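A.B. asks: Dropping a structure here in structure tokens format, bear with me for questions.
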Amino acid sequence: MGDREQILSLIRTNNTKSTPLFKERKKQELLLQWQNIMDRNAHYIDELVKTFKVECEILTGKVYVAQTKNEACQSLSSIIKETEVKRFIKWNSPLLEQLNIDDFLESLGLQNMLLAEKSSPTELHRRGYTGAASKAELGISGVDYGLADTGTLVLKTSPDRNRAVSLLPPVHVAIMKSRSLLSSSDDLITRLLLDLEEKGNLDSCLTLITGPSVTADIELNLVLGVHGPKELHVIILESN
Amino acid sequence: MEIRCNQFQELSKKALNDQNLQKALKNFSALIQEKRNLAFSLLDNPEGLRDQAHNIKKETLERLDEYLEHLEKNVIRLGGKVHWARDAKKARELIETIASDKGVKTVVKGKSMVTEEIDLNKELIARGIEVSETDLGEFIIQLAEEPPSHLVGPAIHKTKGQIAELFSEKLGVRLMEDPQEMTMVARNALRDKFIQADMGITGVNFAVAETGSVVLLENEGNIRLSTTLPKIHVAIMGIEKVIPNLEDLNIFLKLLARSTTGQKLSSYTSIITGPKRDGESDGAEEFHLIILDNGRSKILVDEELRETLYCIRCGACLDFCPVYLKIGGHSYGWVYSGPIGSILTPQLINRKQAYQLPFASSLCGACAEVCPVKINIPKILLTLRRRMIEDPQWGKPSISEKTVFALYAYIMRNKWLYETVSRIARIAQMPFIKKGVLKNLPPPLNRWTHHHDVVPLEKTFRQQWKEFSDKYEES
């Protein structure tokens with residue numbers, strides 16, 4: 001008997017079949033639930049921004065609230081001055097494009113590591129991509145959702161939004177619209193269940209980021225940036 | 001790792017005399033207890049959440065075979081591979097085979113107790129594969145060639161000075177004093193390893209059956225690096241790690257980081273669903289999930305002990321245990337320490353070797369009070385104690401202990417005998433009373449008086465009652 005069959009038959013003797021295997025879900029109900037969440041959050045948007053800022057900053061993150069695209073770029077510019085970074089890597093996402101980040105960073109004299117390594121990001125092999133990301137000092141990502149009550153960023157992975165951007169460079173700047181803020185992980189789970197219903201699968205990797213990389217393994221001393229980013233900056237663009 | 005549970009007493013004695021360890025445990029517990037309690041006090045309904053978590057584990061284990069099959073089906077559908085291992089040897093073989101098929105030369109590892117349980121590193125290193133532990137605490141103890149001393153903080157037993165010397169000796173850097181500086185030495189040493197590595201190996205905090213996802217929590221980012229940079233990701237889980245769906249995950253996410261470090265959420269929670277998709281530039285191209293039994297199915301079918309498998313390895317029971325906080329993790333002699341180690345170890349390894357562990361508890365109940373999934377650890381400790389005394393399959397049934405208790409029961413049932421014996425005992429104790437406590441009783445009773453201040457026998461209840469009622473009648 002193979003290991004699979006042996007393990008399954010051993011534990012099958014215990015199966016009492018008392019409860020249903022999975023909860024039944026209806027897509028319509030999930031949609032309605034999600035709509036209610038969005039309506040509620042739209043109503044409390046100022047509170048969500050405030051709570052997110054407090055929670056994220058407890059964890060040494062820095063949150064900048066921008067009313068306009070111009071203000072968002074100003075915040076980015078001040079982060080760059082303060083951290084003295086020269087090389088960057090970034091996501092391609094609609095919000096970052098709207099902000100015209102590429103041109104803006106170029107005007108500040110920063111070097112896009114993906115362009116430096118090869119002509120087009122999609123042509124990059126994984127080693128090339130990793131190599132570029134590991135030389136960057138600044139990673140700029142968008143944000144799919146923010147969770148206000150824990151100060152958490154939720155990042156979905158896709159071909160234009162790779163994992164290394166928020167991981168390898170020592171400074172991570174995340175740019176989001178205020179309407180991406182959810183109140184807690186409860187809201188997020190509803191959204192993920194809806195994704196699952198609509199697409200059949202979750203994304204290959206969903207990363208919840210709550211503060212910078214941290215360790216306390218040497219005599220409980222908190223040290224930031226042990227493996228991931230040492231600094232986390234979040235620029236929230238108010239969505240009116 | 002080498003099993004040294006039968007040296008429990010010697011190891012504990014050594015730990016009690018280790019001043020550095022005593023200081024470290026004291027500082028650690030003060031901080032972690034406060035943080036954990038604060039984090040729970042901020043929850044709306046912590047008791048309700050713990051009950052929900054308990055019930056999810058209960059119900060999942062009741063249909064574990066089906067949930068595991070669902071998990072397997074979904075991982076395969078996403079392009080991952082699933083392997084089953086009945087024991088540690090099979091799990092090691094599976095990982096070796098994957099490594100040799102793909103010509104793997106270097107491995108980076110995230111912190112995982114289960115890989116310690118199956119003693120994976122030694123085996124891979126023997127095959128000429130370079131294995132780097134990447135969690136800072138694990139990195140330190142790998143350099144020191146020591147086992148972890150805590151589920152969550154593997155190097156809490158080491159002082160700054162000891163770590164500085166270790167780094168200087170093994171990494172050829174100068175002696176440092178600043179933990180910040182030491183951490184950056186580790187970061188730089190490991191960053192290249194991550195970029196070069198052919199394979200990343202991690203444990204699994206939760207595996208979601210409905211989506212085929214593995215969920216990994218951490219603060220450092222080393223697990224993210226291990227799953228993002230190498231081409232191959234091997235995740236290994238015990239059969240009990242599966243949970244049905246995302247709603248369940250939500251409950252556990254609220255509890256795990258709070259119990260572990262007192263954080264609302266860990267810095268990083270990765271929900272990894274299959275290998276990377278087409279067009280993505282990083283993430284593992286190959287995803288292997290290893291499902292390990294290694295004695296767990298035996299625990300599952302044992303009604304009295306099954307709750308042991310509810311454990312989510314948060315470490316809270318260690319952090320609050322008055323025994324663990326004196327003797328530290330190494331005294332338990334194997335991978336799992338503290339209260340959970342005392343109930344898990346005897347069930348996973350040769351029972352007779354670990355027979356001392358369930359007795360190393362004052363049954364104060366602190367572990368059950370903080371357990372996020374409400375495992376009744378004291379009850380399981382008592383069950384194990386009973387079996388070890390009564391059942392030759394389980395422990396070392398002690399003839400003398402049996403005789404003593406049979407005699408005790410006989411005396412207690414016989415009024416005349418009881419009064420006579422207690423009268424004799426009260427007279428016999430006289431020479432041993434020093435400053436109001438019993439000292440230096442003759443063997444074997446000296447083992448009792450050696451460590452405790454035992455209060456001498458006083459007048460019996462019957463005597464006291466008689467005197468009391470005589471006095472009452474007089475007045």
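Lettering and numbering for the structure tokens are positional, with chains as A, B, ... in the shown order, residues counted from 1 in each chain, and ligands counted from 1 in the shown order.
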Write out as a count of residues only all residues of region 292-421 of chain B that DSSP puts in helix (DSSP H, G or I) for this structure's backbone.

C.D. replies: 79

A.B. asks: Using only C-alpha atoms and a distance of at most 7 Å, pull out the residues of chain B that contact chain A, as a PyMOL selection string.

C.D. replies: chain B and resi 59+62-65+84-86+136-137+153+155-156+159-160+179-180+183-184+187+211+219-222+228+244+246-247+250+264-277+279-282+293+297+300-301

A.B. asks: Grab the residues selected above and save them as a compact mmCIF listing (two decimals), in the first residue's frame with N, CA and C atoms.

C.D. replies:
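Just written: selection.txt:
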# COMPACT_ATOMS: atom_id res chain seq x y z
N GLU B 59 -14.05 19.91 13.77
CA GLU B 59 -14.82 19.44 12.62
C GLU B 59 -13.93 19.02 11.46
N GLU B 62 -12.59 15.63 12.02
CA GLU B 62 -13.61 14.59 11.87
C GLU B 62 -13.75 14.11 10.43
N ARG B 63 -13.38 14.97 9.48
CA ARG B 63 -13.43 14.55 8.07
C ARG B 63 -12.10 14.81 7.39
N LEU B 64 -11.04 14.56 8.12
CA LEU B 64 -9.71 14.92 7.65
C LEU B 64 -9.35 14.30 6.31
N ASP B 65 -9.72 13.02 6.13
CA ASP B 65 -9.38 12.35 4.86
C ASP B 65 -9.95 13.11 3.68
N TRP B 84 2.89 12.17 -0.46
CA TRP B 84 2.46 11.72 0.87
C TRP B 84 3.60 10.96 1.53
N ALA B 85 3.81 11.22 2.80
CA ALA B 85 4.88 10.54 3.52
C ALA B 85 4.35 9.98 4.83
N ARG B 86 4.44 8.64 4.98
CA ARG B 86 3.92 8.06 6.20
C ARG B 86 4.83 8.33 7.40
N LEU B 136 16.54 34.54 11.19
CA LEU B 136 17.73 34.97 11.91
C LEU B 136 18.05 34.05 13.09
N GLY B 137 17.02 33.71 13.87
CA GLY B 137 17.23 32.82 15.01
C GLY B 137 17.74 31.45 14.57
N GLY B 153 10.87 31.65 18.87
CA GLY B 153 12.17 32.30 19.02
C GLY B 153 13.24 31.25 19.25
N ALA B 155 16.36 31.08 19.07
CA ALA B 155 17.66 31.41 19.68
C ALA B 155 17.50 32.28 20.92
N ILE B 156 16.34 32.23 21.57
CA ILE B 156 16.14 33.11 22.74
C ILE B 156 17.10 32.77 23.88
N THR B 159 22.84 34.86 24.32
CA THR B 159 23.03 36.29 24.60
C THR B 159 23.67 36.95 23.38
N LYS B 160 23.54 38.27 23.36
CA LYS B 160 24.15 39.11 22.34
C LYS B 160 25.64 38.80 22.21
N PRO B 179 23.02 44.82 18.07
CA PRO B 179 22.18 43.81 17.40
C PRO B 179 21.82 44.22 15.97
N GLN B 180 21.65 45.53 15.76
CA GLN B 180 21.35 46.05 14.43
C GLN B 180 22.45 45.66 13.44
N THR B 183 22.54 41.94 12.83
CA THR B 183 21.46 41.53 11.94
C THR B 183 21.81 41.82 10.49
N MET B 184 22.46 42.96 10.25
CA MET B 184 22.81 43.31 8.87
C MET B 184 23.89 42.37 8.31
N ARG B 187 21.88 39.54 7.21
CA ARG B 187 21.14 39.89 5.99
C ARG B 187 22.04 39.75 4.76
N THR B 211 -9.17 26.10 -1.70
CA THR B 211 -8.46 26.88 -2.71
C THR B 211 -7.13 26.25 -3.12
N ASN B 219 7.76 37.41 10.14
CA ASN B 219 8.05 38.83 10.32
C ASN B 219 9.27 39.30 9.54
N GLU B 220 10.14 38.37 9.20
CA GLU B 220 11.44 38.77 8.65
C GLU B 220 11.44 38.97 7.14
N GLY B 221 10.64 38.18 6.43
CA GLY B 221 10.66 38.24 4.96
C GLY B 221 11.46 37.09 4.37
N ASN B 222 12.09 36.28 5.21
CA ASN B 222 12.90 35.18 4.68
C ASN B 222 12.05 34.09 4.04
N THR B 228 9.89 33.05 -3.26
CA THR B 228 9.85 33.95 -4.42
C THR B 228 11.05 33.73 -5.35
N PRO B 244 -10.64 23.96 6.16
CA PRO B 244 -11.53 23.88 5.00
C PRO B 244 -11.45 25.08 4.06
N LEU B 246 -11.53 29.78 3.31
CA LEU B 246 -10.96 31.09 3.62
C LEU B 246 -11.59 31.74 4.86
N GLU B 247 -12.87 31.47 5.11
CA GLU B 247 -13.49 32.01 6.33
C GLU B 247 -12.78 31.47 7.56
N ASN B 250 -9.49 33.19 8.11
CA ASN B 250 -9.70 34.50 8.74
C ASN B 250 -9.68 34.40 10.27
N LYS B 264 -1.04 42.17 15.86
CA LYS B 264 -2.37 41.95 15.28
C LYS B 264 -2.26 41.02 14.09
N LEU B 265 -1.27 41.28 13.25
CA LEU B 265 -0.92 40.37 12.16
C LEU B 265 0.60 40.35 12.08
N SER B 266 1.15 39.27 11.58
CA SER B 266 2.60 39.24 11.36
C SER B 266 2.93 40.23 10.25
N SER B 267 4.21 40.62 10.15
CA SER B 267 4.59 41.56 9.09
C SER B 267 4.17 41.03 7.72
N TYR B 268 4.39 39.74 7.52
CA TYR B 268 4.04 39.17 6.22
C TYR B 268 3.18 37.92 6.37
N THR B 269 2.07 37.90 5.64
CA THR B 269 1.27 36.70 5.50
C THR B 269 1.21 36.40 4.01
N SER B 270 1.76 35.26 3.60
CA SER B 270 1.72 34.90 2.18
C SER B 270 0.70 33.79 1.97
N ILE B 271 -0.24 34.05 1.05
CA ILE B 271 -1.20 33.02 0.68
C ILE B 271 -0.79 32.55 -0.71
N ILE B 272 -0.14 31.40 -0.76
CA ILE B 272 0.45 30.93 -2.02
C ILE B 272 -0.43 29.85 -2.62
N THR B 273 -0.89 30.09 -3.84
CA THR B 273 -1.83 29.18 -4.47
C THR B 273 -1.21 28.63 -5.75
N GLY B 274 -0.56 27.50 -5.62
CA GLY B 274 0.07 26.85 -6.77
C GLY B 274 1.36 27.54 -7.18
N PRO B 275 2.00 27.02 -8.25
CA PRO B 275 3.22 27.64 -8.74
C PRO B 275 2.91 28.98 -9.40
N LYS B 276 3.95 29.73 -9.76
CA LYS B 276 3.73 31.02 -10.42
C LYS B 276 2.99 30.81 -11.74
N ARG B 277 2.24 31.81 -12.15
CA ARG B 277 1.48 31.69 -13.40
C ARG B 277 2.32 32.21 -14.56
N GLY B 279 3.98 34.27 -17.33
CA GLY B 279 4.21 35.71 -17.46
C GLY B 279 4.73 36.36 -16.19
N GLU B 280 4.57 35.69 -15.06
CA GLU B 280 5.09 36.28 -13.81
C GLU B 280 6.60 36.08 -13.76
N SER B 281 7.31 37.08 -13.28
CA SER B 281 8.77 37.05 -13.34
C SER B 281 9.43 36.44 -12.11
N ASP B 282 8.68 36.28 -11.05
CA ASP B 282 9.27 35.59 -9.89
C ASP B 282 8.21 34.70 -9.23
N ASP B 293 2.52 12.21 7.75
CA ASP B 293 1.79 11.61 8.88
C ASP B 293 2.73 11.52 10.09
N SER B 297 -1.68 10.16 12.55
CA SER B 297 -2.95 9.45 12.37
C SER B 297 -3.27 8.61 13.61
N LEU B 300 -4.86 10.88 15.97
CA LEU B 300 -6.20 11.23 15.49
C LEU B 300 -7.25 10.21 15.92
N VAL B 301 -6.91 8.94 15.85
CA VAL B 301 -7.92 7.92 16.15
C VAL B 301 -8.07 7.70 17.66

A.B. asks: Go ahead and compute the interatomic distance for CA of Arg306 (chain B) and CA of Asn245 (chain B), in Å to one decimal.

C.D. replies: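 Between CA of Arg306 (chain B) and CA of Asn245 (chain B) the gap is 21.5 Å.
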
A.B. asks: Would you work out the distance separating CA of Tyr67 (chain B) from CA of Thr308 (chain B), expressed in Å to one decimal?

C.D. replies: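 Going from CA of Tyr67 (chain B) over to CA of Thr308 (chain B), I get 18.6 Å.
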
A.B. asks: Which neighbours of Leu237 (chain A) fall inside 12 Å, counting only C-alpha atoms, when residues of the same chain fewer than 6 positions from it are skipped, and could you give them as a VMD selection string?

C.D. replies: chain A and resid 45 49 63 to 76 95 to 96 98 to 99 142 to 143 174 to 181

A.B. asks: Report, in Å to a single decimal, how far apart CA of Ile232 (chain B) and CA of Glu285 (chain B) are.

C.D. replies: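 These two atoms are separated by 6.1 Å.
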
A.B. asks: For Lys241 (chain B), work out the shell of residues within 8 Å, counting only C-alpha atoms and skipping chain neighbours fewer than 3 positions away, then give it as a ChimeraX atom specification.

C.D. replies: /B:204-207,237-238,312

A.B. asks: At a cut-off of 10 Å, using only C-alpha atoms, what residues contact Leu382 (chain B)? Leave out same-chain residues fewer than 2 positions from it and give the result as a PDB file with C-alpha atoms, in the first residue's frame.

C.D. replies:
ATOM      1  CA  ILE B 343       1.932  16.011  25.249  1.00  0.00           C
ATOM      2  CA  PRO B 358       3.968  14.595  31.050  1.00  0.00           C
ATOM      3  CA  PHE B 359       5.056  14.553  34.678  1.00  0.00           C
ATOM      4  CA  SER B 361       3.987  19.967  35.008  1.00  0.00           C
ATOM      5  CA  LEU B 363      -1.011  21.250  36.232  1.00  0.00           C
ATOM      6  CA  ILE B 377      -3.476  20.347  27.785  1.00  0.00           C
ATOM      7  CA  PRO B 378      -3.741  19.531  31.529  1.00  0.00           C
ATOM      8  CA  LYS B 379      -6.367  16.878  30.800  1.00  0.00           C
ATOM      9  CA  ILE B 380      -4.161  15.304  28.138  1.00  0.00           C
ATOM     10  CA  LEU B 384      -0.773  10.365  29.447  1.00  0.00           C
ATOM     11  CA  ARG B 385       0.313  10.054  33.079  1.00  0.00           C
ATOM     12  CA  ARG B 386      -2.417   7.501  33.722  1.00  0.00           C
ATOM     13  CA  ARG B 387      -1.458   5.457  30.691  1.00  0.00           C
ATOM     14  CA  MET B 388       2.201   5.571  31.515  1.00  0.00           C
TER      15      MET B 388
END

A.B. asks: May I have the residues within 10 Å of Gly109 (chain A) as a PyMOL selection string, using only C-alpha atoms and disregarding those fewer than 5 positions away in the same chain?

C.D. replies: chain A and resi 86-87+103-104

A.B. asks: Skipping near chain neighbours, those fewer than 2 positions away, what residues fall within 9 Å of His150 (chain B) using only C-alpha atoms, listed as number ranges by chain?

C.D. replies: B: 148, 152-157, 315, 318, 328-330, 335-338

A.B. asks: Could the residues in this selection be written to a file with N, CA and C atoms, as a compact mmCIF listing (two decimals), in the first residue's frame?

C.D. replies:
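The file below, again_4.txt, is the result:
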# COMPACT_ATOMS: atom_id res chain seq x y z
N PRO B 148 16.67 24.32 18.07
CA PRO B 148 15.90 25.49 18.54
C PRO B 148 15.42 25.29 19.97
N VAL B 152 8.93 29.64 18.42
CA VAL B 152 8.91 30.88 17.65
C VAL B 152 10.25 31.62 17.70
N GLY B 153 10.87 31.65 18.87
CA GLY B 153 12.17 32.30 19.02
C GLY B 153 13.24 31.25 19.25
N PRO B 154 13.76 30.66 18.15
CA PRO B 154 14.66 29.50 18.32
C PRO B 154 15.95 29.81 19.05
N ALA B 155 16.36 31.08 19.07
CA ALA B 155 17.66 31.41 19.68
C ALA B 155 17.50 32.28 20.92
N ILE B 156 16.34 32.23 21.57
CA ILE B 156 16.14 33.11 22.74
C ILE B 156 17.10 32.77 23.88
N HIS B 157 17.72 31.59 23.81
CA HIS B 157 18.62 31.20 24.91
C HIS B 157 20.02 31.80 24.76
N GLY B 315 3.14 28.80 20.26
CA GLY B 315 4.13 28.96 21.33
C GLY B 315 3.60 29.63 22.59
N LEU B 318 4.10 27.80 25.87
CA LEU B 318 5.47 27.87 26.39
C LEU B 318 5.66 29.17 27.16
N GLY B 328 13.64 26.05 30.11
CA GLY B 328 13.93 26.36 28.71
C GLY B 328 13.63 25.20 27.78
N GLY B 329 13.81 25.41 26.49
CA GLY B 329 13.37 24.44 25.49
C GLY B 329 14.25 23.20 25.36
N HIS B 330 15.55 23.35 25.56
CA HIS B 330 16.45 22.21 25.30
C HIS B 330 16.25 21.06 26.28
N VAL B 335 12.36 18.26 19.49
CA VAL B 335 11.96 19.45 18.75
C VAL B 335 10.93 20.30 19.49
N TYR B 336 9.92 19.65 20.03
CA TYR B 336 8.79 20.38 20.61
C TYR B 336 8.98 20.49 22.12
N SER B 337 8.87 21.71 22.64
CA SER B 337 9.10 21.88 24.07
C SER B 337 7.87 22.48 24.74
N GLY B 338 7.99 22.75 26.02
CA GLY B 338 6.88 23.35 26.77
C GLY B 338 5.72 22.38 26.89
